[in-house]
$ cat entry_6.txt   # compact mmCIF, C-alpha atoms
# COMPACT_ATOMS: atom_id res chain seq x y z
CA MET I 4 -11.21 6.71 25.22
CA PRO I 5 -12.80 10.23 25.27
CA LYS I 6 -10.84 11.00 28.46
CA ARG I 7 -7.60 9.84 26.84
CA PHE I 8 -8.43 11.91 23.77
CA ALA I 9 -8.99 15.01 25.93
CA GLU I 10 -5.67 14.47 27.74
CA LEU I 11 -3.76 14.17 24.47
CA ARG I 12 -5.22 17.44 23.18
CA LYS I 13 -3.69 19.35 26.11
CA THR I 14 -0.13 19.12 24.75
CA PRO I 15 1.20 20.08 21.29
CA ALA I 16 2.72 16.61 20.84
CA GLY I 17 -0.53 14.91 21.89
CA TYR I 18 -2.58 17.08 19.56
CA GLY I 19 -0.10 16.36 16.77
CA PHE I 20 -0.45 12.63 17.41
CA ILE I 21 -4.25 12.87 17.14
CA LEU I 22 -3.97 14.64 13.79
CA LEU I 23 -1.36 12.19 12.53
CA ALA I 24 -3.50 9.24 13.67
CA ALA I 25 -6.52 10.64 11.82
CA MET I 26 -4.42 11.18 8.72
CA SER I 27 -3.00 7.64 8.98
CA LEU I 28 -6.52 6.18 9.22
CA CYS I 29 -7.62 8.00 6.05
CA TYR I 30 -4.38 7.25 4.23
CA GLY I 31 -4.53 3.57 5.21
CA PHE I 32 -8.14 3.31 4.08
CA ALA I 33 -7.59 5.02 0.71
CA TYR I 34 -4.33 3.33 -0.22
CA SER I 35 -5.41 -0.15 0.92
CA SER I 36 -8.79 0.13 -0.80
CA GLN I 37 -7.02 0.96 -4.04
CA THR I 38 -4.55 -1.90 -3.55
CA SER I 39 -7.33 -4.42 -2.91
CA ILE I 40 -9.26 -3.66 -6.11
CA VAL I 41 -6.72 -2.38 -8.60
CA THR I 42 -5.41 -5.82 -9.63
CA ASN I 43 -8.91 -7.09 -10.42
CA PHE I 44 -9.70 -3.75 -12.11
CA PHE I 45 -6.71 -4.26 -14.39
CA ILE I 46 -7.81 -7.82 -15.17
CA ASP I 47 -11.60 -7.41 -15.37
CA ASP I 48 -11.98 -3.95 -16.95
CA LEU I 49 -8.66 -3.22 -18.66
CA HIS I 50 -7.74 -6.85 -19.54
CA PHE I 51 -4.04 -6.53 -18.68
CA SER I 52 -1.58 -9.35 -19.35
CA GLY I 53 1.05 -10.41 -16.79
CA SER I 54 3.81 -8.37 -18.42
CA GLN I 55 1.62 -5.24 -18.44
CA PHE I 56 1.47 -5.46 -14.64
CA GLY I 57 5.24 -5.04 -14.64
CA TYR I 58 5.08 -2.11 -17.04
CA ILE I 59 2.39 -0.24 -15.07
CA THR I 60 4.33 -0.81 -11.85
CA ALA I 61 7.39 0.79 -13.45
CA VAL I 62 5.24 3.79 -14.41
CA ARG I 63 3.78 3.91 -10.90
CA GLU I 64 7.24 4.14 -9.35
CA VAL I 65 8.30 7.14 -11.44
CA GLY I 66 7.09 9.38 -8.62
CA GLY I 67 9.26 7.54 -6.12
CA PHE I 68 12.36 7.80 -8.30
CA PHE I 69 11.94 11.53 -8.97
CA LEU I 70 10.77 12.33 -5.44
CA ILE I 71 14.12 13.83 -4.46
CA PHE I 72 13.76 16.47 -7.19
CA LEU I 73 10.26 17.35 -5.98
CA MET I 74 11.59 17.68 -2.42
CA MET I 75 14.40 19.92 -3.69
CA ALA I 76 11.89 22.20 -5.40
CA LEU I 77 9.59 22.34 -2.36
CA TYR I 78 12.17 22.30 0.43
CA ARG I 79 10.86 25.57 1.86
CA VAL I 80 7.31 24.18 2.17
CA SER I 81 6.58 22.81 5.64
CA LEU I 82 6.17 19.05 6.00
CA GLN I 83 2.57 19.58 7.14
CA TRP I 84 1.54 21.40 3.97
CA LEU I 85 3.62 19.09 1.80
CA THR I 86 1.88 16.05 3.28
CA ALA I 87 -1.54 17.66 3.01
CA GLY I 88 -1.01 18.60 -0.62
CA ALA I 89 0.29 15.14 -1.46
CA LEU I 90 -2.78 13.46 0.08
CA MET I 91 -5.13 15.78 -1.78
CA ILE I 92 -3.36 15.06 -5.07
CA LEU I 93 -3.49 11.35 -4.24
CA GLY I 94 -7.23 11.61 -3.66
CA ILE I 95 -7.85 13.41 -6.95
CA GLY I 96 -5.76 10.85 -8.83
CA TYR I 97 -7.58 7.90 -7.26
CA GLY I 98 -10.91 9.48 -8.10
CA LEU I 99 -9.93 9.66 -11.77
CA PHE I 100 -8.70 6.04 -11.99
CA GLY I 101 -12.13 4.84 -13.07
CA MET I 102 -12.03 7.00 -16.20
CA SER I 103 -9.33 4.75 -17.68
CA HIS I 104 -10.22 2.43 -20.56
CA GLY I 105 -6.77 1.09 -21.45
CA PHE I 106 -3.07 1.17 -20.61
CA LEU I 107 -2.29 4.61 -22.05
CA SER I 108 -5.34 6.32 -20.54
CA LEU I 109 -4.37 4.91 -17.13
CA VAL I 110 -0.80 6.28 -17.19
CA PRO I 111 -1.59 9.96 -16.27
CA TRP I 112 -3.52 8.98 -13.13
CA VAL I 113 -0.87 6.46 -12.12
CA VAL I 114 1.81 9.17 -12.36
CA VAL I 115 -0.30 11.69 -10.39
CA THR I 116 -1.05 9.23 -7.57
CA SER I 117 2.58 8.10 -7.61
CA PHE I 118 3.85 11.55 -6.64
CA GLY I 119 1.18 11.86 -3.96
CA PHE I 120 1.75 8.42 -2.45
CA HIS I 121 5.54 8.56 -2.44
CA THR I 122 5.60 12.01 -0.86
CA VAL I 123 3.45 10.85 2.06
CA LEU I 124 5.50 7.66 2.29
CA GLN I 125 8.46 9.58 3.72
CA THR I 126 6.94 12.75 5.21
CA GLN I 127 4.71 10.72 7.56
CA TYR I 128 7.79 9.27 9.29
CA ALA I 129 9.44 12.67 9.61
CA LEU I 130 6.26 14.06 11.19
CA GLY I 131 5.91 11.03 13.46
CA MET I 132 9.49 11.24 14.70
CA SER I 133 9.07 14.94 15.50
CA LEU I 134 6.52 13.96 18.17
CA THR I 135 9.10 12.47 20.52
CA THR I 136 12.76 11.85 21.32
CA GLN I 137 14.81 9.30 19.39
CA ASP I 138 14.70 6.69 22.18
CA ARG I 139 10.89 6.53 21.85
CA ALA I 140 10.61 7.00 18.08
CA GLY I 141 10.02 3.30 17.40
CA ARG I 142 6.96 3.02 19.64
CA VAL I 143 5.46 6.24 18.28
CA LEU I 144 5.87 5.07 14.68
CA GLY I 145 4.54 1.67 15.76
CA ARG I 146 1.38 3.29 17.13
CA MET I 147 1.06 5.39 14.00
CA THR I 148 1.33 2.21 11.94
CA ALA I 149 -1.40 0.63 14.07
CA PHE I 150 -3.80 3.47 13.16
CA TYR I 151 -2.82 3.05 9.51
CA GLN I 152 -3.64 -0.66 9.81
CA VAL I 153 -7.03 0.12 11.37
CA GLY I 154 -7.83 2.19 8.30
CA THR I 155 -6.54 -0.65 6.17
CA PHE I 156 -8.76 -3.20 7.92
CA ALA I 157 -11.80 -0.95 7.48
CA ALA I 158 -10.92 -0.66 3.79
CA PHE I 159 -10.78 -4.41 3.25
CA VAL I 160 -14.05 -5.04 5.10
CA ILE I 161 -15.96 -2.24 3.34
CA VAL I 162 -14.54 -2.93 -0.13
CA GLY I 163 -15.13 -6.65 0.33
CA LEU I 164 -18.80 -5.99 1.14
CA ILE I 165 -19.14 -3.51 -1.74
CA PHE I 166 -18.00 -6.05 -4.32
CA TYR I 167 -19.65 -9.07 -2.69
CA PHE I 168 -23.07 -7.39 -2.92
CA ASN I 169 -22.22 -5.42 -6.10
CA TRP I 170 -23.11 -2.10 -4.49
CA LEU I 171 -20.66 0.01 -6.51
CA SER I 172 -18.64 -0.26 -9.70
CA TYR I 173 -14.86 0.07 -9.80
CA ALA I 174 -15.15 3.69 -10.97
CA LYS I 175 -17.47 4.77 -8.14
CA THR I 176 -15.36 2.95 -5.55
CA PHE I 177 -12.27 4.84 -6.74
CA ILE I 178 -14.16 8.12 -6.21
CA VAL I 179 -15.08 7.17 -2.62
CA LEU I 180 -11.56 6.22 -1.61
CA GLY I 181 -10.20 9.32 -3.33
CA ALA I 182 -12.48 11.46 -1.16
CA VAL I 183 -11.16 9.74 1.99
CA ALA I 184 -7.55 10.44 0.97
CA PHE I 185 -8.46 14.10 0.40
CA LEU I 186 -9.98 14.22 3.90
CA GLY I 187 -6.70 12.91 5.34
CA GLY I 188 -4.93 15.87 3.77
CA ILE I 189 -7.29 18.27 5.51
CA PHE I 190 -6.59 16.66 8.90
CA ILE I 191 -2.81 17.08 8.74
CA ILE I 192 -2.75 20.79 7.82
CA ARG I 193 -2.89 21.87 11.48
CA PHE I 194 -0.11 19.55 12.65
CA PRO I 195 2.12 21.66 14.98
CA HIS I 196 5.78 22.46 14.39
CA LEU I 197 7.70 20.16 16.74
CA HIS I 198 11.20 18.93 17.53
CA ASP I 199 11.67 16.09 20.03
CA GLY I 200 8.04 16.65 21.03
CA GLU I 201 8.60 20.30 21.93
CA PRO I 202 6.74 23.07 20.04
CA ARG I 203 8.50 25.53 17.76
CA LYS I 204 7.19 28.81 16.39
CA LEU I 205 8.58 28.14 12.93
CA ALA I 206 8.81 25.02 10.80
CA PRO I 207 12.07 23.13 11.44
CA LYS I 208 14.70 23.84 8.80
CA ARG I 209 15.56 21.08 6.36
CA GLU I 210 18.30 20.84 3.74
CA ARG I 211 17.46 21.05 0.08
CA LEU I 212 19.40 17.95 -0.98
CA VAL I 213 21.38 15.40 1.02
CA TRP I 214 23.61 12.68 -0.39
CA ASN I 215 25.99 11.65 2.36
CA TRP I 216 28.35 8.67 2.29
CA GLU I 217 27.93 8.43 6.07
CA TYR I 218 24.35 7.30 5.45
CA ARG I 219 25.40 4.50 3.08
CA TYR I 220 23.83 1.70 5.14
CA TYR I 221 20.50 3.51 5.11
CA TYR I 222 20.72 3.78 1.32
CA ALA I 223 21.70 0.09 1.05
CA LEU I 224 18.69 -0.98 3.12
CA ASN I 225 16.40 1.00 0.82
CA LEU I 226 17.97 -0.36 -2.36
CA LEU I 227 17.58 -3.99 -1.25
CA ASP I 228 14.08 -3.33 0.04
CA GLY I 229 13.23 -1.90 -3.35
CA ILE I 230 14.14 -5.12 -5.16
CA ARG I 231 12.02 -7.17 -2.74
CA GLN I 232 9.09 -4.76 -2.71
CA GLN I 233 8.81 -4.28 -6.46
CA VAL I 234 8.45 -7.99 -7.17
CA PHE I 235 5.83 -8.55 -4.49
CA PHE I 236 3.90 -5.38 -5.22
CA SER I 237 3.78 -6.12 -8.94
CA PHE I 238 2.84 -9.79 -8.75
CA GLY I 239 1.79 -10.70 -5.20
CA LEU I 240 -1.91 -10.08 -5.75
CA TRP I 241 -1.60 -11.03 -9.41
CA VAL I 242 -0.78 -14.60 -8.33
CA LEU I 243 -3.91 -14.74 -6.16
CA ALA I 244 -6.16 -13.14 -8.80
CA GLN I 245 -4.75 -14.77 -11.95
CA HIS I 246 -3.15 -18.04 -10.86
CA TYR I 247 -5.66 -18.93 -8.13
CA HIS I 248 -8.63 -17.04 -9.71
CA LEU I 249 -9.64 -15.12 -6.56
CA LYS I 250 -12.08 -12.22 -6.83
CA VAL I 251 -12.17 -8.97 -4.83
CA PRO I 252 -14.18 -10.26 -1.81
CA ALA I 253 -11.82 -13.22 -1.28
CA ILE I 254 -8.73 -11.05 -1.69
CA CYS I 255 -10.14 -8.52 0.80
CA LEU I 256 -10.70 -11.34 3.30
CA ILE I 257 -7.08 -12.44 3.00
CA LEU I 258 -5.80 -8.88 3.29
CA ALA I 259 -8.04 -8.24 6.30
CA GLY I 260 -6.57 -11.27 8.07
CA GLY I 261 -3.04 -9.91 7.66
CA THR I 262 -4.18 -6.48 8.78
CA LEU I 263 -5.73 -7.80 12.01
CA ILE I 264 -2.38 -9.37 12.90
CA ALA I 265 -0.58 -6.13 12.04
CA ILE I 266 -2.93 -4.06 14.22
CA SER I 267 -2.25 -6.27 17.25
CA THR I 268 1.53 -6.37 16.75
CA SER I 269 2.36 -2.85 15.47
CA THR I 270 2.91 -1.20 18.85
CA TRP I 271 4.83 -4.23 20.14
CA ILE I 272 7.18 -4.21 17.14
CA GLY I 273 7.67 -0.45 17.51
CA ARG I 274 8.66 -0.90 21.15
CA SER I 275 10.96 -3.77 20.17
CA ILE I 276 12.84 -1.41 17.85
CA ASP I 277 13.45 0.95 20.79
CA ARG I 278 14.36 -1.89 23.17
CA LEU I 279 16.38 -4.26 20.96
CA GLY I 280 17.72 -1.85 18.34
CA GLU I 281 17.26 -1.66 14.59
CA ARG I 282 19.82 -4.35 13.73
CA LYS I 283 18.06 -7.21 15.51
CA VAL I 284 14.59 -6.18 14.43
CA ILE I 285 15.52 -5.73 10.74
CA GLN I 286 17.28 -9.10 10.78
CA ALA I 287 14.21 -10.81 12.27
CA ILE I 288 11.90 -9.12 9.76
CA ASN I 289 14.04 -10.23 6.82
CA VAL I 290 14.19 -13.81 8.10
CA ALA I 291 10.39 -13.68 8.02
CA TYR I 292 10.58 -12.27 4.46
CA VAL I 293 12.75 -15.21 3.39
CA ILE I 294 10.18 -17.65 4.79
CA ALA I 295 7.22 -15.79 3.25
CA LEU I 296 8.73 -15.19 -0.19
CA GLY I 297 10.32 -18.62 -0.42
CA GLY I 298 7.05 -20.22 0.61
CA TYR I 299 5.08 -18.10 -1.86
CA ALA I 300 7.43 -19.13 -4.67
CA LEU I 301 7.38 -22.85 -3.86
CA SER I 302 3.84 -23.39 -2.62
CA GLY I 303 1.36 -24.79 -5.11
CA HIS I 304 -1.58 -24.78 -2.72
CA LEU I 305 -3.95 -21.83 -2.30
CA ALA I 306 -4.21 -22.09 1.50
CA MET I 307 -0.44 -22.05 1.96
CA ALA I 308 -0.05 -19.19 -0.52
CA CYS I 309 -2.56 -17.19 1.54
CA VAL I 310 -0.63 -17.91 4.76
CA PHE I 311 2.63 -16.74 3.22
CA TYR I 312 0.96 -13.67 1.72
CA ILE I 313 -0.48 -12.71 5.12
CA LEU I 314 2.90 -13.21 6.81
CA TYR I 315 4.58 -10.94 4.28
CA SER I 316 1.93 -8.22 4.30
CA CYS I 317 1.69 -7.87 8.09
CA ILE I 318 5.44 -7.20 8.56
CA THR I 319 6.06 -5.05 5.48
CA PRO I 320 5.64 -1.59 7.11
CA PHE I 321 8.31 -2.22 9.74
CA SER I 322 11.27 -2.37 7.38
CA SER I 323 10.84 1.33 6.65
CA VAL I 324 10.00 2.14 10.29
CA ALA I 325 13.23 0.55 11.55
CA ALA I 326 15.30 2.12 8.77
CA SER I 327 13.80 5.54 9.64
CA THR I 328 14.61 5.25 13.37
CA TYR I 329 18.15 4.15 12.44
CA LEU I 330 18.51 7.31 10.34
CA ARG I 331 17.14 9.41 13.21
CA LYS I 332 20.04 8.19 15.37
CA ILE I 333 22.84 8.95 12.90
CA ALA I 334 21.69 12.19 11.20
CA VAL I 335 21.25 15.79 12.28
CA PRO I 336 17.60 16.99 12.37
CA GLU I 337 17.75 19.20 9.27
CA GLU I 338 19.00 16.28 7.15
CA ILE I 339 16.39 13.72 8.20
CA ALA I 340 13.52 14.70 5.87
CA PRO I 341 15.66 15.12 2.71
CA THR I 342 17.51 11.88 3.50
CA LEU I 343 14.21 10.05 3.90
CA ALA I 344 13.30 11.41 0.46
CA MET I 345 16.65 10.27 -0.93
CA GLY I 346 15.99 6.84 0.58
CA VAL I 347 12.65 6.66 -1.25
CA THR I 348 14.40 7.65 -4.48
CA VAL I 349 17.09 4.99 -3.97
CA LEU I 350 14.42 2.41 -3.17
CA HIS I 351 12.52 3.26 -6.32
CA ALA I 352 15.57 3.30 -8.55
CA THR I 353 14.92 -0.44 -8.73
CA ALA I 354 11.37 0.24 -9.93
CA LEU I 355 12.55 1.34 -13.35
CA VAL I 356 14.10 -2.07 -13.97
CA VAL I 357 12.84 -4.76 -11.58
CA PRO I 358 9.09 -4.83 -12.43
CA VAL I 359 9.74 -4.89 -16.19
CA ALA I 360 12.47 -7.55 -15.90
CA ALA I 361 10.33 -9.56 -13.48
CA GLY I 362 7.38 -9.31 -15.87
CA VAL I 363 9.46 -10.74 -18.71
CA ILE I 364 10.79 -13.53 -16.45
CA LEU I 365 7.25 -14.29 -15.28
CA HIS I 366 6.03 -14.47 -18.88
CA TYR I 367 8.64 -17.05 -19.91
CA LEU I 368 9.53 -18.88 -16.68
CA GLY I 369 6.49 -18.45 -14.43
CA PHE I 370 5.90 -16.45 -11.24
CA ARG I 371 8.12 -18.57 -8.96
CA VAL I 372 11.44 -17.24 -10.33
CA PRO I 373 10.78 -13.51 -9.58
CA PHE I 374 9.74 -14.41 -6.03
CA ALA I 375 12.92 -16.45 -5.57
CA ILE I 376 14.91 -13.35 -6.65
CA SER I 377 13.12 -11.19 -4.08
CA CYS I 378 13.83 -13.87 -1.47
CA ALA I 379 17.55 -13.58 -2.32
CA ALA I 380 17.34 -9.79 -1.81
CA ALA I 381 16.02 -10.40 1.72
CA ILE I 382 18.96 -12.72 2.43
CA VAL I 383 21.45 -10.06 1.30
CA THR I 384 19.66 -7.53 3.53
CA ILE I 385 20.28 -9.79 6.54
CA LEU I 386 24.01 -9.81 5.71
CA VAL I 387 24.11 -6.00 5.36
CA THR I 388 22.21 -5.51 8.62
CA VAL I 389 24.94 -7.33 10.55
CA ARG I 390 27.08 -4.21 10.12
CA LEU I 391 24.54 -1.74 11.53
CA ASP I 392 25.71 0.18 14.61
CA PRO I 393 23.84 3.51 15.03
CA HIS I 394 26.15 4.89 17.72
CA LYS I 395 29.39 4.25 15.79
CA GLN I 396 27.84 5.23 12.44
CA ARG I 397 26.69 8.72 13.47
CA SER I 398 27.64 11.37 10.94
CA ALA I 399 30.34 13.87 11.83
CA ALA I 400 27.71 16.59 12.07
CA ARG I 401 25.61 14.46 14.42
CA ILE I 402 28.61 13.72 16.67
CA ALA I 403 29.38 17.45 16.86
CA LEU I 404 25.72 18.21 17.69
CA ASP I 405 25.58 15.54 20.42
CA GLU I 406 28.81 16.80 21.97
CA ALA I 407 27.59 20.40 21.92
CA GLN I 408 24.31 19.44 23.57
CA LEU I 409 26.13 17.38 26.20
CA ALA I 410 28.52 20.25 26.96
CA ALA I 411 25.64 22.69 27.32
CA ALA I 412 23.79 20.33 29.64
CA VAL I 413 26.53 19.16 32.04
CA GLY I 414 29.49 21.52 31.64
CA PRO I 415 33.02 20.79 30.38
CA MET I 416 34.32 18.78 33.38
CA GLU I 417 31.27 16.54 33.59
CA MET I 418 31.40 16.07 29.80
CA LEU I 419 35.01 14.86 30.05
CA THR I 420 33.98 12.45 32.78
CA ALA I 421 31.05 11.17 30.68
CA GLU I 422 33.27 10.60 27.65
CA THR I 423 36.22 8.97 29.47
CA GLY I 424 34.49 7.26 32.36
CA VAL I 425 37.12 8.78 34.73
CA ALA I 426 35.98 10.95 37.65
CA PHE I 427 38.00 14.16 38.16
CA GLU I 428 38.21 15.98 41.48
CA SER I 429 37.80 19.74 41.53
CA ASP I 430 40.43 22.12 42.96
CA ALA I 431 38.03 23.03 45.74
CA GLY I 432 38.81 19.77 47.51
CA HIS I 433 42.53 20.68 48.00
$ encode --input "entry_6.txt" --output "structure tokens"
Amino acid sequence: MPKRFAELRKTPAGYGFILLAAMSLCYGFAYSSQTSIVTNFFIDDLHFSGSQFGYITAVREVGGFFLIFLMMALYRVSLQWLTAGALMILGIGYGLFGMSHGFLSLVPWVVVTSFGFHTVLQTQYALGMSLTTQDRAGRVLGRMTAFYQVGTFAAFVIVGLIFYFNWLSYAKTFIVLGAVAFLGGIFIIRFPHLHDGEPRKLAPKRERLVWNWEYRYYYALNLLDGIRQQVFFSFGLWVLAQHYHLKVPAICLILAGGTLIAISTSTWIGRSIDRLGERKVIQAINVAYVIALGGYALSGHLAMACVFYILYSCITPFSSVAASTYLRKIAVPEEIAPTLAMGVTVLHATALVVPVAAGVILHYLGFRVPFAISCAAAIVTILVTVRLDPHKQRSAARIALDEAQLAAAVGPMEMLTAETGVAFESDAGH
């Protein structure tokens, strides 16, 4: 491992990967620690009802919905500094969570962490894809996800032990995980400027705002994912904590099981995206979502609910990974980062409605109906994915860029041969 580490440091892309891996470890630890305890914190310390979980989720997603406006304001800031600042803000917000004593006092810290979390959510993929060419983007993001999952696993083990032995209170635990998120921000500051793995002296240019009809399938994937995600994020752990009366150590054990599976499969799934294409992988993932969400809605047994929860949680990151590599293939470089931000905004447009509506439905009809709705969203996603074809759905600007690069590489006659498949003889042979 030290030898491999030394070899990676010799190239800008390798050094960038090390920094991104370190950031992903810290980010995974901080975010997953917060996820594992926040539901019980809401129940035990703040005494939230089921509907309040929907309301606080809607507040939490404000940052995702307004992310595009933040990216417009900061479009001249490099992705490295933007990511670093977002992680530092996330850490500060997490550290202040424990000061809350009710719904209203919690709202400011939820909004602060929302902007931090949702910024990193899309900038990490843009940074990851800058490390390599598009035909290897899936495996690089898969490896990055594996490091994130290692941090996640460490979070579940450590937090589980903390609450099993009562070493720290909720407030002190929030401070610790906030410090780890802040450390992740420090790591990513020195990430090099790269394009297709090659160093650049200046930060790559990105557009201020992109809304392009040619990216409609990318937007559709995010919108449908938003419906599915908001239901599960709002009430997935709530079912385990409230309906099945599980405490933090038991929840951490379940989450750790899903994370172990994700660690072992992340690189393989990333390579599958490169080998099989986004369409097949997204379809397979959403079939698994249908099984997991349908099972979670219908199962009345704790063991089966845990199995379906683990299945869902270990495949969740790869919907956004596959959607990001699809975008990489159809967009020009300067539009990737702002379009990723627009995708996050589209995804979180559902957050202003779905969690609140699902909370009301849960209150009157029980938790099974919202999960059935999210299952239906996964089915619709499968139908939309049938139409994905990255090569045919390239934007006009991307087609022009590809043709210009091909012409510069092989010359006009060879380019015509490559496009038509017909070999032309030169005049020299006559």
$ closest_atom_pairs --input "entry_6.txt" --of "region 302-348 of chain I" --to "region 263-279 of chain I" --cutoff "10 Å" --atoms "only C-alpha atoms" --output "tab-separated table"
residue	atom	partner	partner_atom	distance
I:Ile313	CA	I:Ile264	CA	8.7
I:Leu314	CA	I:Ile264	CA	8.9
I:Ser316	CA	I:Ala265	CA	8.4
I:Cys317	CA	I:Ala265	CA	4.9
I:Ile318	CA	I:Ala265	CA	7.0
I:Thr319	CA	I:Ala265	CA	9.4
I:Pro320	CA	I:Ser269	CA	9.1
I:Phe321	CA	I:Ile272	CA	7.7
I:Val324	CA	I:Gly273	CA	8.0
I:Ala325	CA	I:Ile276	CA	6.6
I:Thr328	CA	I:Ile276	CA	8.2
I:Tyr329	CA	I:Ile276	CA	9.4
$ closest_residue --input "entry_6.txt" --among "I:Cys255, I:Ala157, I:Val213, I:Ala244" --to "Phe45 (chain I)" --atoms "only C-alpha atoms"
I:Ala244
$ residues_around --input "entry_6.txt" --residues "Val143 (chain I)" --least-positions-apart "2" --cutoff "8 Å" --atoms "all atoms listed in the file" --output "VMD selection string"
chain I and resid 131 to 132 134 to 135 139 to 141 145 to 147 270 273
$ atom_distance --input "entry_6.txt" --atom1 "CA of Gln37 (chain I)" --atom2 "CA of Thr86 (chain I)"
19.0 Å
$ atom_distance --input "entry_6.txt" --atom1 "CA of Ala306 (chain I)" --atom2 "CA of Leu249 (chain I)"
12.0 Å
$ closest_residue --input "entry_6.txt" --among "I:Ala158, I:Ala149, I:Leu77, I:Cys29" --to "Gly94 (chain I)" --atoms "only C-alpha atoms"
I:Cys29
$ atom_distance --input "entry_6.txt" --atom1 "CA of Asp48 (chain I)" --atom2 "CA of Tyr34 (chain I)"
19.8 Å
$ residues_near_point --input "entry_6.txt" --point "(25.6, 11.0, 12.7)" --cutoff "7 Å" --atoms "only C-alpha atoms" --output "ChimeraX atom specification"
/I:332-335,396-402
$ closest_residue --input "entry_6.txt" --among "I:Ala340, I:Val372, I:Leu197, I:Leu243" --to "Ala300 (chain I)" --atoms "only C-alpha atoms"
I:Val372
$ axis_aligned_box --input "entry_6.txt" --around "region 138-156 of chain I" --padding-each-side "3 Å" --output "AutoDock Vina command-line options"
--center_x 3.0 --center_y 1.9 --center_z 14.2 --size_x 29.5 --size_y 16.2 --size_z 22.0
$ residues_around --input "entry_6.txt" --residues "Leu224 (chain I)" --least-positions-apart "3" --cutoff "9 Å" --atoms "all atoms listed in the file" --output "ChimeraX atom specification"
/I:219-221,227-229,322-323,326,346,350,384,387-388
$ closest_residue --input "entry_6.txt" --among "I:Ser377, I:Ser81, I:Thr42, I:Thr342" --to "Leu205 (chain I)" --atoms "all atoms listed in the file"
I:Ser81
$ residues_around --input "entry_6.txt" --residues "Ile189 (chain I)" --least-positions-apart "3" --cutoff "9 Å" --atoms "only C-alpha atoms" --output "list in words"
Met26, Ala87, Gly88, Leu90, Met91, Phe185, Leu186, Ile192 and Arg193 of chain I
$ residues_around --input "entry_6.txt" --residues "His246 (chain I)" --least-positions-apart "2" --cutoff "12 Å" --atoms "only C-alpha atoms" --output "list in words"
Gly53, Phe238, Gly239, Leu240, Trp241, Val242, Leu243, Ala244, His248, Leu249, Lys250, Gly303, His304, Leu305, Ala308, Leu365, Gly369, Phe370 and Arg371 of chain I
$ closest_residue --input "entry_6.txt" --among "I:Phe118, I:Pro358, I:Leu226, I:Val310" --to "Val383 (chain I)" --atoms "only C-alpha atoms"
I:Leu226
$ closest_residue --input "entry_6.txt" --among "I:Leu70, I:His366, I:Asp405, I:Ala129" --to "Arg209 (chain I)" --atoms "all atoms listed in the file"
I:Ala129
$ residues_near_point --input "entry_6.txt" --point "(-18.6, 4.1, -9.7)" --cutoff "12 Å" --atoms "only C-alpha atoms" --output "ChimeraX atom specification"
/I:97-102,165-166,169-181
$ write_last_selection --input "entry_6.txt" --atoms "C-alpha atoms" --output "PDB file, keeping the file's coordinate frame"
ATOM      1  CA  TYR I  97      -7.580   7.900  -7.260  1.00  0.00           C
ATOM      2  CA  GLY I  98     -10.910   9.480  -8.100  1.00  0.00           C
ATOM      3  CA  LEU I  99      -9.930   9.660 -11.770  1.00  0.00           C
ATOM      4  CA  PHE I 100      -8.700   6.040 -11.990  1.00  0.00           C
ATOM      5  CA  GLY I 101     -12.130   4.840 -13.070  1.00  0.00           C
ATOM      6  CA  MET I 102     -12.030   7.000 -16.200  1.00  0.00           C
ATOM      7  CA  ILE I 165     -19.140  -3.510  -1.740  1.00  0.00           C
ATOM      8  CA  PHE I 166     -18.000  -6.050  -4.320  1.00  0.00           C
ATOM      9  CA  ASN I 169     -22.220  -5.420  -6.100  1.00  0.00           C
ATOM     10  CA  TRP I 170     -23.110  -2.100  -4.490  1.00  0.00           C
ATOM     11  CA  LEU I 171     -20.660   0.010  -6.510  1.00  0.00           C
ATOM     12  CA  SER I 172     -18.640  -0.260  -9.700  1.00  0.00           C
ATOM     13  CA  TYR I 173     -14.860   0.070  -9.800  1.00  0.00           C
ATOM     14  CA  ALA I 174     -15.150   3.690 -10.970  1.00  0.00           C
ATOM     15  CA  LYS I 175     -17.470   4.770  -8.140  1.00  0.00           C
ATOM     16  CA  THR I 176     -15.360   2.950  -5.550  1.00  0.00           C
ATOM     17  CA  PHE I 177     -12.270   4.840  -6.740  1.00  0.00           C
ATOM     18  CA  ILE I 178     -14.160   8.120  -6.210  1.00  0.00           C
ATOM     19  CA  VAL I 179     -15.080   7.170  -2.620  1.00  0.00           C
ATOM     20  CA  LEU I 180     -11.560   6.220  -1.610  1.00  0.00           C
ATOM     21  CA  GLY I 181     -10.200   9.320  -3.330  1.00  0.00           C
TER      22      GLY I 181
END
$ residues_around --input "entry_6.txt" --residues "Glu201 (chain I)" --least-positions-apart "5" --cutoff "12 Å" --atoms "all atoms listed in the file" --output "list in words"
Thr14, Pro15, Ala16, Gly17, Tyr18, Gly19, Met132, Ser133, Leu134, Thr135, Thr136, Pro195, His196 and Pro207 of chain I
$ closest_atom_pairs --input "entry_6.txt" --of "region 323-407 of chain I" --to "region 55-62 of chain I" --cutoff "12 Å" --atoms "all atoms listed in the file" --output "CSV"
residue,atom,partner,partner_atom,distance
I:His351,CA,I:Ala61,CA,9.1
I:Ala352,CA,I:Ala61,CA,9.9
I:Thr353,CA,I:Ala61,CA,9.0
I:Ala354,CA,I:Ala61,CA,5.3
I:Leu355,CA,I:Ala61,CA,5.2
I:Val356,CA,I:Ala61,CA,7.3
I:Val357,CA,I:Ala61,CA,8.0
I:Pro358,CA,I:Gly57,CA,4.4
I:Val359,CA,I:Gly57,CA,4.8
I:Ala360,CA,I:Gly57,CA,7.8
I:Ala361,CA,I:Gly57,CA,6.9
I:Gly362,CA,I:Gly57,CA,4.9
I:Val363,CA,I:Gly57,CA,8.2
I:Ile364,CA,I:Gly57,CA,10.3
I:Leu365,CA,I:Gly57,CA,9.5
I:His366,CA,I:Gln55,CA,10.2
I:Phe370,CA,I:Gly57,CA,11.9
I:Pro373,CA,I:Gly57,CA,11.3
